[in-house]
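What follows is a short report on a single structure.
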2 protein chains.
Amino acid sequence: MSVINGNELEGVNRPKTSRGEATFRKLLEAAEEVFGEKGYYETSVVDIITRAGVAQGTFYLYFKTKKDIFRHLVVHLHHEIRKHVQLAVAPLNGRLAKEKRGLLAFHEFILQHRNLYRLLRDLELVDEELFKWYYGSFAKNYARRLGKAMEKGEIRRSDPEALAYCLMGLNVFTGMRWPLWENKPAPAGAVETIFTFLEKGLGNPGDGPAGPPPKEQEGKGTAGKRGTGDS
Amino acid sequence: MSVINGNELEGVNRPKTSRGEATFRKLLEAAEEVFGEKGYYETSVVDIITRAGVAQGTFYLYFKTKKDIFRHLVVHLHHEIRKHVQLAVAPLNGRLAKEKRGLLAFHEFILQHRNLYRLLRDLELVDEELFKWYYGSFAKNYARRLGKAMEKGEIRRSDPEALAYCLMGLNVFTGMRWPLWENKPAPAGAVETIFTFLEKGLGNPGDGPAGPPPKEQEGKGTAGKRGTGDS
DNA sequence: ATGTAACATGATTCAGTTGTCATATTTATT
DNA sequence: AATAAATATGACAACTGAATCATGTTACAT
């Protein structure tokens, strides 16, 4: 990806002394807060430097533009979320169990980091390329794990990428409805519904035709019909 | 809803002659295009009136602010999408069939109205209240239909609202992945996966009581908290 | 202690933005 | 035709916010 080279974004000058490091951090913390509260477009650089308690010129010492500090925060967020979910899910066995726990962990994360999460919602408008990188990279990883689970026979065999997007959508929208909008966990009834939907949707270990694994090719007439002229 | 009174938004002055009507429309069309291309925040009123070919003062004859013309477009879009999906789905019988066709119709709509769809993505940041109205109203309707299908035994009984958000998420994310990002319909393999996920996730008519003995009961371990279906 | 690179400042410049208003034209009404 | 109401104009006042830069101030290696 041209978006990110190595582990560093361009447009960001890392400080070289501990004094600079402190200022750098102050700016990032301030930016996270203000972006989270008012959104990217409603936030000015002056808002950020005011909250950080530094002068305007100082900002441009470390970030080339407002967008650059935003990007930096987003990449940070991406790693944080993954770490959080990964950690919660690691000790469990079986894709379904991981999937369920992962959804709850994701909801928790939203509740505990509303500000950071809001950044993510701005991302699509601020930098579409980075946005695609964000979800694309998420999906890729997700699909890999799903693929493995399919091989192990833990879930039904199908297109891992499509499945990944289904699951991300499900996570994001339920995370929006309760944690984000109501600022509390999804009620038990909703969780139960979601879990069942996941369980049946993914397919249980013993579920499928006991027969041999299907031949990886699509187009087996099942639901078949494409909607529109598919160009 | 305080957002919308009757069928008209405040901040909008409808024209009173056919000449005015033409100008009004020109402005709306121009706004749809520019918003779609550059996004709400990157678009200025000057951009809009330039494309519409009218003077700046004319804009303020019909719209109080930039936000007001945006809101007007969004409400319009909401009705358009619903009409499109409704129309595609109406002749079909059974929730599952409707659900499948609805997803394809939704994807079609995105392909045919990329600009309008993009507005929607901006909405969350521009006017959160209207955004919640948008999805909330969608979800409410959706849940109502799902509830009816449950009563008829067409799909598994569960919390209709939670299910509605799952399905919306699934629609939105798959619509993003292929129609929006790649500007073409989802490939057959992906559609098949999505359909199967829907089919199993929603539960088939004959599913419930009969069928192979599911030794697997839900609620163990992580799922933990059982709750009666409240709301 | 001194030289130097890093760090910090904030007034200022500059490129935009919104929204208004006096003026002019068109349309509907009588 | 006369009049009022609606529509259109574009210059402009008033404002916003990003980014710069000349002028400092620290920290630290030598």
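How things are named: the first chain in the structure tokens is A, the next is B, and so on; residues count from 1 in each chain; ligands count from 1 in the order shown.
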
* So these two share a sequence; what Cα RMSD do you get laying chain B over chain A, all Cα, in order, least squares? ->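 It is 4.2 Å.
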
* Write down as a PyMOL selection string the residues of segment 42-200 of chain A whose backbone DSSP state falls under helix (DSSP H, G or I). => chain A and resi 45-52+56-62+66-89+95-112+114-126+128-151+160-182+188-200

Go through chain B and flag each residue having an atom no more than 10 Å from chain C; for those, report the closest pair of atoms plus their distance in Å to one decimal, using only C-alpha atoms (C1' of nucleotides), ordered by chain and rising number, as CSV.
residue,atom,partner,partner_atom,distance
B:Thr17,CA,C:DT27,C1',8.1
B:Ser18,CA,C:DT27,C1',9.6
B:Arg19,CA,C:DT27,C1',8.6
B:Ser44,CA,C:DT17,C1',7.6
B:Val45,CA,C:DT18,C1',8.2
B:Val46,CA,C:DT17,C1',9.1
B:Gln56,CA,C:DG19,C1',9.4
B:Gly57,CA,C:DT20,C1',8.3
B:Tyr60,CA,C:DG19,C1',8.0
B:Lys64,CA,C:DG19,C1',9.1
B:Thr65,CA,C:DG19,C1',8.7
B:Lys66,CA,C:DT18,C1',9.3

How close does each residue of chain B get to chain D, giving the shortest atom pair and distance in Å to one decimal for every residue with an atom at most 7 Å away, counting only C-alpha atoms (C1' of nucleotides), sorted by chain and residue number, as CSV?
residue,atom,partner,partner_atom,distance
B:Gly20,CA,D:DT7,C1',6.6
B:Ala55,CA,D:DT9,C1',6.0
B:Thr58,CA,D:DA8,C1',6.3

Export, as a short mmCIF file (atom, residue, chain, number, x, y, z; two decimals), in the first residue's frame, the selected residues with C-alpha atoms.
data_model
loop_
_atom_site.label_atom_id
_atom_site.label_comp_id
_atom_site.auth_asym_id
_atom_site.auth_seq_id
_atom_site.Cartn_x
_atom_site.Cartn_y
_atom_site.Cartn_z
CA GLY B 20 -38.46 29.27 -9.78
CA ALA B 55 -25.82 33.62 -9.03
CA THR B 58 -30.18 32.86 -5.86
#

Would you mind listing, for every residue of chain B within 6 Å of chain A, the two atoms forming the shortest contact and the distance between them in Å to one decimal, using only C-alpha atoms, sorted by chain and ascending residue number, as a Markdown table?
| residue | atom | partner | partner_atom | distance |
| --- | --- | --- | --- | --- |
| B:Leu104 | CA | A:Gly227 | CA | 5.6 |
| B:Ser158 | CA | A:Thr193 | CA | 5.6 |
| B:Asp159 | CA | A:Thr193 | CA | 5.9 |
| B:Ala162 | CA | A:Ala190 | CA | 5.1 |
| B:Tyr165 | CA | A:Phe173 | CA | 5.9 |
| B:Cys166 | CA | A:Leu170 | CA | 4.6 |
| B:Gly169 | CA | A:Gly169 | CA | 4.1 |
| B:Leu170 | CA | A:Cys166 | CA | 4.6 |
| B:Phe173 | CA | A:Gly169 | CA | 5.1 |
| B:Thr174 | CA | A:Tyr165 | CA | 6.0 |
| B:Gly189 | CA | A:Glu218 | CA | 5.0 |
| B:Ala190 | CA | A:Ala162 | CA | 5.1 |
| B:Thr193 | CA | A:Ser158 | CA | 5.6 |
| B:Phe197 | CA | A:Gly201 | CA | 4.5 |
| B:Lys200 | CA | A:Gly201 | CA | 4.8 |
| B:Gly201 | CA | A:Gly201 | CA | 4.0 |
| B:Gly227 | CA | A:Ala188 | CA | 5.0 |
| B:Gly229 | CA | A:Gly189 | CA | 4.8 |

Kindly export the residues of the current selection with C-alpha atoms, as an mmCIF file, in the first residue's frame.
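Result written to out-v1.cif:
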data_model
loop_
_atom_site.group_PDB
_atom_site.id
_atom_site.type_symbol
_atom_site.label_atom_id
_atom_site.label_comp_id
_atom_site.auth_asym_id
_atom_site.auth_seq_id
_atom_site.Cartn_x
_atom_site.Cartn_y
_atom_site.Cartn_z
ATOM 1 C CA LEU B 104 -29.482 -7.336 -5.031
ATOM 2 C CA SER B 158 -35.973 -13.780 17.602
ATOM 3 C CA ASP B 159 -35.538 -10.085 18.308
ATOM 4 C CA ALA B 162 -31.458 -6.850 16.358
ATOM 5 C CA TYR B 165 -29.481 -4.221 12.216
ATOM 6 C CA CYS B 166 -27.612 -7.407 11.352
ATOM 7 C CA GLY B 169 -25.021 -4.113 8.173
ATOM 8 C CA LEU B 170 -24.682 -7.030 5.866
ATOM 9 C CA PHE B 173 -20.938 -3.671 3.830
ATOM 10 C CA THR B 174 -21.341 -5.940 0.871
ATOM 11 C CA GLY B 189 -19.474 -16.640 -5.642
ATOM 12 C CA ALA B 190 -19.890 -13.846 -3.146
ATOM 13 C CA THR B 193 -22.139 -17.054 0.098
ATOM 14 C CA PHE B 197 -25.566 -16.943 5.155
ATOM 15 C CA LYS B 200 -29.273 -20.321 7.358
ATOM 16 C CA GLY B 201 -29.054 -17.273 9.573
ATOM 17 C CA GLY B 227 -32.347 -12.826 28.824
ATOM 18 C CA GLY B 229 -36.739 -11.133 24.919
#

* Atom-to-atom span, atom CA of Phe138 of chain B and atom CA of Arg95 of chain B, Å -> 16.4 Å

* Which neighbours of Ile81 of chain A fall inside 10 Å, counting only C-alpha atoms (C1' of nucleotides), when residues of the same chain fewer than 2 positions from it are skipped, and could you give them as number ranges by chain? -> A: 76-79, 83-87, 105-106, 109-110, 113, 116-117
